[in-house]
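Presented below is the structure to which this report refers.
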There are 2 protein chains.
Amino acid sequence: MHADDLILISVDDHLVEPPTLFEGHIPERYRDQAPKIHHKKDGSDVWIFNGAVIPNIGLNAVAGRPKEEYGIEPTAFEEIRRGCWDIGERIKDMNAGGVLGSMCFPSFPGFSGRLFAAVEDKDLALAVVQAYNDWHVDEWCGSQPGRFIPMGLPVLWDAELAAAEVRRLAKKGVHSVTFTENPHTLGFPSFHSDHWDPLWQALSDEGVVLSIHLGSSGQLAVTSPDAPIDVMITLQPMNICAAAADLLWSRVLKKFPDIRIALSEGGTGWIPYFLDRLDRTYDMHHLWTGQEFGDRLPSEVFRQHFLTCFISDPVGLRLRNDIGIDNIAWECDYPHSDSSWPRAPEELAAVANAAGATDAELAKIGHENAMRWFSFDPFTHRAKADCTVAALRAEAAGHDVETRPHDTGRFQRTTKGADLGELAAKATA
Amino acid sequence: MHADDLILISVDDHLVEPPTLFEGHIPERYRDQAPKIHHKKDGSDVWIFNGAVIPNIGLNAVAGRPKEEYGIEPTAFEEIRRGCWDIGERIKDMNAGGVLGSMCFPSFPGFSGRLFAAVEDKDLALAVVQAYNDWHVDEWCGSQPGRFIPMGLPVLWDAELAAAEVRRLAKKGVHSVTFTENPHTLGFPSFHSDHWDPLWQALSDEGVVLSIHLGSSGQLAVTSPDAPIDVMITLQPMNICAAAADLLWSRVLKKFPDIRIALSEGGTGWIPYFLDRLDRTYDMHHLWTGQEFGDRLPSEVFRQHFLTCFISDPVGLRLRNDIGIDNIAWECDYPHSDSSWPRAPEELAAVANAAGATDAELAKIGHENAMRWFSFDPFTHRAKADCTVAALRAEAAGHDVETRPHDTGRFQRTTKGADLGELAAKATA
């Protein structure tokens with residue numbers, strides 16, 4: 001298939017929260033306590049909430065920049081591409097990148113909103129989570145019908161409230177909620193506890209997918225403090241692989257057969273090996289460990305419950321039928337450093353064609369699987385013929401995607417040669 | 001290829017240390033302090049050394065047992081198959097299993113001998129390591145010329161002594177030394193420190209491979225204390241994947257171009273995805289992280305330095321040319337629970353034939369790669385025609401491999417339903 005003819009829905013992108021996010025959404029009594037942007041003397045913009053200072057990290061908003069300028073320094077809004085946080089500019093960038101639909105993960109609250117869960121005043125925490133979700137659904141997604149798969153932040157500290165928020169969001173048409181790779185590492189009961197049953201029940205009842213993003217456990221795959229950062233970047237999918245194993249062998253899938261989980265930014269090339277290892281572990285060990293899946297293999301259970309996705313994965317595409325052609329979705333990862341935006345369609349077409357993927361398979365991977373898993377139908381808002389990469393790019397004509405943001409001279413100065421311990425300390429400060 | 005015609009050298013098996021190991025090898029002055037076997041009142045045999053009590057773990061010696069009896073209980077020598085610790089019986093089991101050659105990892109000292117490194121009296125520690133190595137090379141391997149790839153334990157606490165031991169062993173014909181996946185987690189300087197340079201130099205000079213076994217970091221891939229043990233079994237290869245990334249991006253391979261590393265029991269099906277991720281990480285990030293491999297890609301660097309291996313890996317066999325046909329070796333994993341002994345040749349042949357592997361490729365995977373990487377030539381001791389699975393099994397005729405060991409009624413009683421925290425505590429007690 002030619003890149004122009006693809007129809008692309010990305011199940012993993014990111015937004016940088018705009019300074020005005022909470023205005024009009026947070027109850028008046030919490031107005032002073034809501035997260036606020038502070039412009040620091042060093043030129044960077046940071047979020048202040050509950051005593052914590054959270055920088056906008058450069059590496060999380062490098063769309064449009066040359067790779068030499070990548071880095072993890074704190075940045076200012078004026079230094080990052082406007083499409084990261086401005087919905088109007090975002091749509092232009094999506095059009096320029098040929099991307100029809102997008103599901104956007106949060107930035108400063110953490111992928112699973114753990115920043116909000118850390119607040120002692122749980123009424124405030126709930127107000128902030130709900131304000132964030134209302135902004136995300138009503139403003140970010142709502143202002144551009146048919147272009148975004150809405151996704152809510154979870155209530156991490158209370159399973160009953162988590163269930164209630166899932167049900168509240170479902171009424172607003174939301175079929176995706178983020179969650180952490182591992183609640184245990186965040187100090188909550190693990191996936192093996194019955195603590196989360198109200199949440200599983202609500203997700204099952206409402207047809208909401210749990211979207212677990214790589215890195216959402218709050219743990220980095222760091223081998224040692226003096227390891228080059230390349231080690232951590234390479235190993236990022238490990239925690240999501242652990243999450244998949246954790247959930248697969250847990251009581252959750254046995255008790256809640258309708259639960260569905262998306263392994264966001266997890267990649268796909270490792271899945272066939274993983275499935276084989278699941279089945280072999282079952283074969284060699286279940287007679288003494290007590291696991292029981294009836295007449296099914298763990299790999300079949302996986303395919304019933306898990307959606308995988310990739311940015312560009314030659315191995316995963318070649319092995320698409322070992323993974324399950326209905327279990328693979330594409331992602332753009334805009335505006336992160338792993339994204340190939342705005343040339344992602346060309347990259348996908350090249351890799352898919354090399355792997356011999358058919359048009360029908362590319363339709364599943366490009367948009368049909370995302371539509372089915374997340375109950376999302378952009379074609380009710382826009383004729384399918386107007387949804388292709390070529391059609392969207394025609395709308396974007398004249399929108400210059402290559403121009404780098406305003407250069408303050410601060411961006412990407414200090415990273416090179418820095419060690420991982422220092423970087424990790426900065427990134428999690 | 002028919003299983004009968006395979007010639008098989010296993011690059012990852014295990015031995016259970018016999019009670020008499022240190023006799024005749026430990027200097028007289030350390031005789032009382034050397035590790036000793038104690039038969040406990042509960043019927044199990046444990047090693048006692050330096051105040052530590054180390055049980056022989058059932059799951060590590062289940063060869064010949066039905067899977068229902070697998071478990072991690074401490075066991076007695078009389079409960080485990082004699083081939084685990086008796087060299088004469090081991091050869092019979094190798095013949096019955098069609099296995100020509102074997103490289104045997106240690107049991108009670110830990111895969112990298114960290115038990116010995118923990119002794120405060122470093123003269124004693126060195127005496128114990130050297131006694132172990134002399135027993136392993138001269139008795140275990142030496143009594144059966146051409147059947148074992150000798151492998152030494154490392155000196156973990158002193159890089160100069162580690163180098164000296166590598167050179168001492170090399171003079172005895174040893175081309176493999178075990179090491180840990182991650183020295184940092186054991187409290188030693190990481191792979192990124194120059195601390196280990198004397199060791200890297202000795203390995204380079206002497207043509208000795210560093211054999212890094214899965215699990216040798218002393219860390220288990222445990223997601224939470226209440227996770228079923230199946231999660232940990234599934235995720236075991238993660239630490240070895242981390243070790244591969246750690247070393248690949250380290251200064252070691254850049255400074256010591258002759259270093260070679262075997263990822264023992266690491267599996268192979270994940271390698272193509274891993275190589276792709278290495279190359280993508282390099283492409284997307286090296287301009288700001290500062291990594292530099294000249295005109296080569298990280299995947300090419302990997303193939304120069306790393307040997308991978310598998311027990312039975314349908315995905316890895318299909319992708320053998322993406323991994324590198326000269327970088328894959330077969331392993332039996334006798335007598336551990338993941339082994340298919342004594343039917344491993346049939347399993348390998350079935351999987352390889354399904355993957356369309358040629359006879360020449362199976363010769364590389366089955367024995368030629370192991371011979372080249374570890375400078376091991378069994379054919380100087382035995383005509384090649386007498387080395388096939390069929391020929392070895394003919395020698396073993398009458399040796400009953402299916403009979404279970406003496407059943408004391410203790411084996412595999414308490415494991416089912418136990419939680420992982422409890423099991424892990426037992427296993428590391």
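Residue numbering restarts at 1 in every chain; chains get A, B, ... in the order shown in the structure tokens, and ligands count up from 1 in that same order.
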message: So that I can see what lies close to segment 177-188 of chain B, please list as a VMD selection string the residues with an atom at most 8 Å from it, counting only C-alpha atoms and leaving out residues fewer than 6 positions away in the same chain.
response: (chain A and resid 223 to 224) or (chain B and resid 105 111 to 112 114 151 to 154 156 to 157 166 208 to 219 239 to 240 242 to 243)
task: Within 7 Å of chain B, which residues of chain A are there when counting only C-alpha atoms? Please give them as a VMD selection string.
output: chain A and resid 67 to 71 184 190 192 223 to 224 226 to 228 230 to 231 233 to 235 238 242 245 to 246 249 269 to 270 272 to 273 277 to 278 281 284 to 285 287 to 290 315 338 416 to 417
Go ahead and write the residues just picked, N, CA, C and O atoms, as a compact mmCIF listing (two decimals), in the first residue's frame.
```
# COMPACT_ATOMS: atom_id res chain seq x y z
N LYS A 67 17.43 16.00 15.49
CA LYS A 67 17.81 15.08 16.56
C LYS A 67 18.98 15.59 17.41
O LYS A 67 19.11 15.21 18.57
N GLU A 68 19.81 16.42 16.82
CA GLU A 68 20.94 16.95 17.59
C GLU A 68 20.47 17.75 18.79
O GLU A 68 21.21 17.97 19.74
N GLU A 69 19.22 18.22 18.73
CA GLU A 69 18.73 19.09 19.80
C GLU A 69 17.91 18.34 20.85
O GLU A 69 17.43 18.95 21.80
N TYR A 70 17.75 17.02 20.67
CA TYR A 70 17.01 16.25 21.68
C TYR A 70 17.73 16.35 23.02
O TYR A 70 18.95 16.43 23.09
N GLY A 71 16.94 16.31 24.07
CA GLY A 71 17.55 16.32 25.41
C GLY A 71 16.45 16.33 26.44
O GLY A 71 15.27 16.45 26.11
N HIS A 184 1.57 -2.08 42.48
CA HIS A 184 2.39 -2.40 43.66
C HIS A 184 3.57 -1.44 43.81
O HIS A 184 3.88 -1.00 44.92
N SER A 190 -1.47 -4.96 44.56
CA SER A 190 -1.05 -5.45 43.24
C SER A 190 -2.25 -5.93 42.42
O SER A 190 -3.38 -5.95 42.91
N HIS A 192 -2.87 -8.78 41.87
CA HIS A 192 -3.27 -10.10 42.38
C HIS A 192 -4.20 -10.00 43.59
O HIS A 192 -4.69 -11.00 44.08
N THR A 223 20.00 -0.09 34.89
CA THR A 223 20.86 -1.20 35.33
C THR A 223 21.82 -0.76 36.43
O THR A 223 22.13 -1.52 37.33
N SER A 224 22.30 0.49 36.34
CA SER A 224 23.18 1.04 37.37
C SER A 224 23.20 2.55 37.19
O SER A 224 22.91 3.06 36.11
N ASP A 226 25.49 4.63 36.79
CA ASP A 226 26.45 5.18 35.82
C ASP A 226 26.26 4.60 34.42
O ASP A 226 27.11 4.77 33.55
N ALA A 227 25.14 3.93 34.18
CA ALA A 227 24.88 3.38 32.84
C ALA A 227 24.51 4.51 31.88
O ALA A 227 23.82 5.45 32.27
N PRO A 228 24.96 4.43 30.63
CA PRO A 228 24.55 5.44 29.65
C PRO A 228 23.02 5.41 29.48
O PRO A 228 22.41 4.35 29.62
N ASP A 230 21.29 5.39 26.99
CA ASP A 230 20.88 4.51 25.89
C ASP A 230 20.39 3.16 26.42
O ASP A 230 19.54 2.52 25.81
N VAL A 231 20.98 2.71 27.54
CA VAL A 231 20.55 1.43 28.13
C VAL A 231 19.09 1.52 28.55
O VAL A 231 18.27 0.66 28.22
N ILE A 233 16.79 3.67 27.53
CA ILE A 233 15.92 3.83 26.36
C ILE A 233 15.66 2.47 25.71
O ILE A 233 14.52 2.12 25.39
N THR A 234 16.70 1.70 25.54
CA THR A 234 16.57 0.38 24.92
C THR A 234 15.64 -0.52 25.71
O THR A 234 14.83 -1.26 25.15
N LEU A 235 15.75 -0.43 27.04
CA LEU A 235 15.03 -1.39 27.89
C LEU A 235 13.64 -0.93 28.32
O LEU A 235 12.96 -1.63 29.07
N MET A 238 10.58 -3.24 28.87
CA MET A 238 10.62 -4.36 29.81
C MET A 238 9.51 -4.30 30.86
O MET A 238 8.91 -5.33 31.19
N ALA A 242 6.55 -6.99 31.69
CA ALA A 242 6.27 -7.49 33.04
C ALA A 242 4.79 -7.32 33.37
O ALA A 242 4.16 -8.20 33.97
N ALA A 245 2.74 -10.04 31.66
CA ALA A 245 2.85 -11.33 32.36
C ALA A 245 2.08 -11.29 33.67
O ALA A 245 1.38 -12.24 34.03
N ASP A 246 2.21 -10.18 34.38
CA ASP A 246 1.56 -10.02 35.68
C ASP A 246 0.04 -10.19 35.54
O ASP A 246 -0.60 -10.92 36.31
N TRP A 249 -1.21 -13.93 34.15
CA TRP A 249 -1.26 -15.02 35.14
C TRP A 249 -2.12 -14.66 36.36
O TRP A 249 -2.26 -15.46 37.28
N GLY A 269 7.39 -6.64 18.41
CA GLY A 269 8.33 -7.66 17.93
C GLY A 269 8.66 -8.72 18.96
O GLY A 269 9.06 -9.84 18.63
N TRP A 270 8.49 -8.39 20.23
CA TRP A 270 8.79 -9.35 21.30
C TRP A 270 7.61 -10.26 21.63
O TRP A 270 7.77 -11.26 22.34
N PRO A 272 5.64 -12.49 19.90
CA PRO A 272 5.62 -13.93 19.57
C PRO A 272 6.51 -14.76 20.51
O PRO A 272 6.12 -15.86 20.93
N TYR A 273 7.68 -14.24 20.84
CA TYR A 273 8.53 -14.95 21.80
C TYR A 273 7.85 -15.03 23.16
O TYR A 273 7.85 -16.08 23.82
N ARG A 277 6.77 -18.25 25.24
CA ARG A 277 7.27 -18.48 26.61
C ARG A 277 6.11 -18.70 27.59
O ARG A 277 6.20 -19.52 28.50
N LEU A 278 5.03 -17.96 27.40
CA LEU A 278 3.83 -18.19 28.23
C LEU A 278 3.36 -19.64 28.09
O LEU A 278 3.11 -20.33 29.08
N THR A 281 5.86 -22.06 29.63
CA THR A 281 5.79 -21.99 31.10
C THR A 281 4.58 -22.77 31.59
O THR A 281 4.66 -23.53 32.56
N MET A 284 5.25 -26.59 31.08
CA MET A 284 6.25 -27.19 31.96
C MET A 284 5.86 -27.10 33.44
O MET A 284 6.31 -27.90 34.24
N HIS A 285 5.10 -26.08 33.80
CA HIS A 285 4.98 -25.78 35.22
C HIS A 285 3.56 -25.80 35.81
O HIS A 285 3.43 -25.82 37.02
N LEU A 287 1.31 -27.82 36.29
CA LEU A 287 0.88 -28.94 37.14
C LEU A 287 1.35 -28.77 38.58
O LEU A 287 0.78 -29.36 39.49
N TRP A 288 2.40 -27.97 38.79
CA TRP A 288 2.77 -27.73 40.20
C TRP A 288 2.46 -26.31 40.65
O TRP A 288 2.30 -26.07 41.85
N THR A 289 2.32 -25.36 39.71
CA THR A 289 2.00 -23.99 40.16
C THR A 289 0.50 -23.79 40.34
O THR A 289 0.08 -22.85 41.01
N GLY A 290 -0.30 -24.65 39.71
CA GLY A 290 -1.75 -24.56 39.91
C GLY A 290 -2.47 -23.65 38.94
O GLY A 290 -3.68 -23.41 39.11
N VAL A 315 10.11 -6.38 12.81
CA VAL A 315 9.96 -7.75 13.28
C VAL A 315 8.50 -8.05 13.61
O VAL A 315 7.95 -9.07 13.21
N ASP A 338 10.59 9.29 20.07
CA ASP A 338 10.55 8.05 19.28
C ASP A 338 9.65 8.16 18.06
O ASP A 338 9.57 7.23 17.25
N LYS A 416 24.55 16.06 27.01
CA LYS A 416 25.60 15.19 26.48
C LYS A 416 26.64 14.86 27.54
O LYS A 416 27.20 15.74 28.17
N GLY A 417 26.91 13.58 27.69
CA GLY A 417 27.94 13.17 28.63
C GLY A 417 27.45 13.08 30.06
O GLY A 417 28.15 12.57 30.92
```
message: Give me, as a ChimeraX atom specification, the residues of segment 231-297 of chain B that a backbone DSSP run labels strand (DSSP E or B).
response: /B:261-264
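In this comparison, which uses only C-alpha atoms, the residue of B:His305, B:Phe310, B:Gly113, B:Phe293 approaching Glu265 of chain B most closely is B:Phe310.
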Residue list (helix (DSSP H, G or I), DSSP) for segment 62-205 of chain B, as a JSON list (two decimals) with C-alpha atoms, in the first residue's frame:
```json
[["chain", "number", "residue", "atom", "x", "y", "z"],
["B", 67, "LYS", "CA", 5.94, -32.58, 36.12],
["B", 68, "GLU", "CA", 3.40, -33.06, 38.89],
["B", 69, "GLU", "CA", 6.33, -33.49, 41.26],
["B", 77, "PHE", "CA", 20.89, -36.25, 47.37],
["B", 78, "GLU", "CA", 18.99, -39.52, 47.53],
["B", 79, "GLU", "CA", 15.90, -37.76, 46.17],
["B", 82, "ARG", "CA", 22.23, -39.31, 40.44],
["B", 83, "GLY", "CA", 23.26, -37.81, 37.10],
["B", 84, "CYS", "CA", 22.90, -34.37, 38.68],
["B", 87, "ILE", "CA", 29.88, -37.83, 36.74],
["B", 88, "GLY", "CA", 29.60, -41.48, 35.73],
["B", 89, "GLU", "CA", 25.81, -41.35, 35.87],
["B", 90, "ARG", "CA", 25.86, -37.97, 34.18],
["B", 91, "ILE", "CA", 27.61, -39.40, 31.15],
["B", 92, "LYS", "CA", 25.01, -42.16, 30.98],
["B", 93, "ASP", "CA", 22.25, -39.55, 31.07],
["B", 94, "MET", "CA", 23.99, -37.47, 28.41],
["B", 95, "ASN", "CA", 24.25, -40.56, 26.20],
["B", 96, "ALA", "CA", 20.62, -41.44, 26.82],
["B", 114, "ARG", "CA", 28.61, -14.93, 44.66],
["B", 115, "LEU", "CA", 28.31, -17.07, 47.77],
["B", 116, "PHE", "CA", 32.08, -17.40, 47.86],
["B", 117, "ALA", "CA", 32.61, -13.68, 47.16],
["B", 122, "LYS", "CA", 39.34, -13.16, 51.03],
["B", 123, "ASP", "CA", 42.19, -15.66, 51.22],
["B", 124, "LEU", "CA", 39.63, -18.30, 52.15],
["B", 125, "ALA", "CA", 37.33, -17.05, 49.37],
["B", 126, "LEU", "CA", 40.09, -17.40, 46.80],
["B", 127, "ALA", "CA", 41.03, -20.85, 48.09],
["B", 128, "VAL", "CA", 37.41, -21.99, 47.78],
["B", 129, "VAL", "CA", 36.98, -20.56, 44.26],
["B", 130, "GLN", "CA", 40.20, -22.16, 43.10],
["B", 131, "ALA", "CA", 39.38, -25.48, 44.74],
["B", 132, "TYR", "CA", 35.98, -25.43, 43.04],
["B", 133, "ASN", "CA", 37.55, -24.60, 39.70],
["B", 134, "ASP", "CA", 40.21, -27.28, 40.04],
["B", 135, "TRP", "CA", 37.58, -29.88, 40.93],
["B", 136, "HIS", "CA", 35.40, -28.76, 38.02],
["B", 137, "VAL", "CA", 38.17, -28.77, 35.45],
["B", 138, "ASP", "CA", 40.25, -31.73, 36.65],
["B", 139, "GLU", "CA", 37.59, -34.08, 38.00],
["B", 140, "TRP", "CA", 34.18, -33.24, 36.55],
["B", 141, "CYS", "CA", 35.39, -32.39, 33.06],
["B", 159, "ALA", "CA", 39.51, -7.44, 39.29],
["B", 160, "GLU", "CA", 43.25, -8.18, 39.36],
["B", 161, "LEU", "CA", 42.68, -11.52, 41.05],
["B", 162, "ALA", "CA", 39.84, -12.17, 38.60],
["B", 163, "ALA", "CA", 42.25, -11.61, 35.74],
["B", 164, "ALA", "CA", 44.85, -13.86, 37.34],
["B", 165, "GLU", "CA", 42.31, -16.66, 37.80],
["B", 166, "VAL", "CA", 41.25, -16.35, 34.15],
["B", 167, "ARG", "CA", 44.89, -16.70, 33.12],
["B", 168, "ARG", "CA", 45.44, -19.63, 35.50],
["B", 169, "LEU", "CA", 42.37, -21.39, 34.13],
["B", 170, "ALA", "CA", 43.31, -20.67, 30.52],
["B", 171, "LYS", "CA", 46.56, -22.56, 31.11],
["B", 183, "PRO", "CA", 27.83, -6.61, 39.11],
["B", 184, "HIS", "CA", 26.16, -3.43, 40.39],
["B", 185, "THR", "CA", 23.27, -5.35, 41.96],
["B", 186, "LEU", "CA", 25.79, -7.54, 43.80],
["B", 194, "ASP", "CA", 36.99, 0.92, 34.50],
["B", 195, "HIS", "CA", 37.28, -1.25, 37.59],
["B", 196, "TRP", "CA", 36.99, -4.45, 35.54],
["B", 197, "ASP", "CA", 39.58, -3.59, 32.91],
["B", 198, "PRO", "CA", 42.13, -6.15, 34.14],
["B", 199, "LEU", "CA", 39.46, -8.85, 33.73],
["B", 200, "TRP", "CA", 38.47, -7.67, 30.24],
["B", 201, "GLN", "CA", 42.14, -7.64, 29.28],
["B", 202, "ALA", "CA", 42.72, -11.18, 30.54],
["B", 203, "LEU", "CA", 39.61, -12.50, 28.78],
["B", 204, "SER", "CA", 40.75, -10.83, 25.56],
["B", 205, "ASP", "CA", 44.31, -12.08, 25.82]]
```
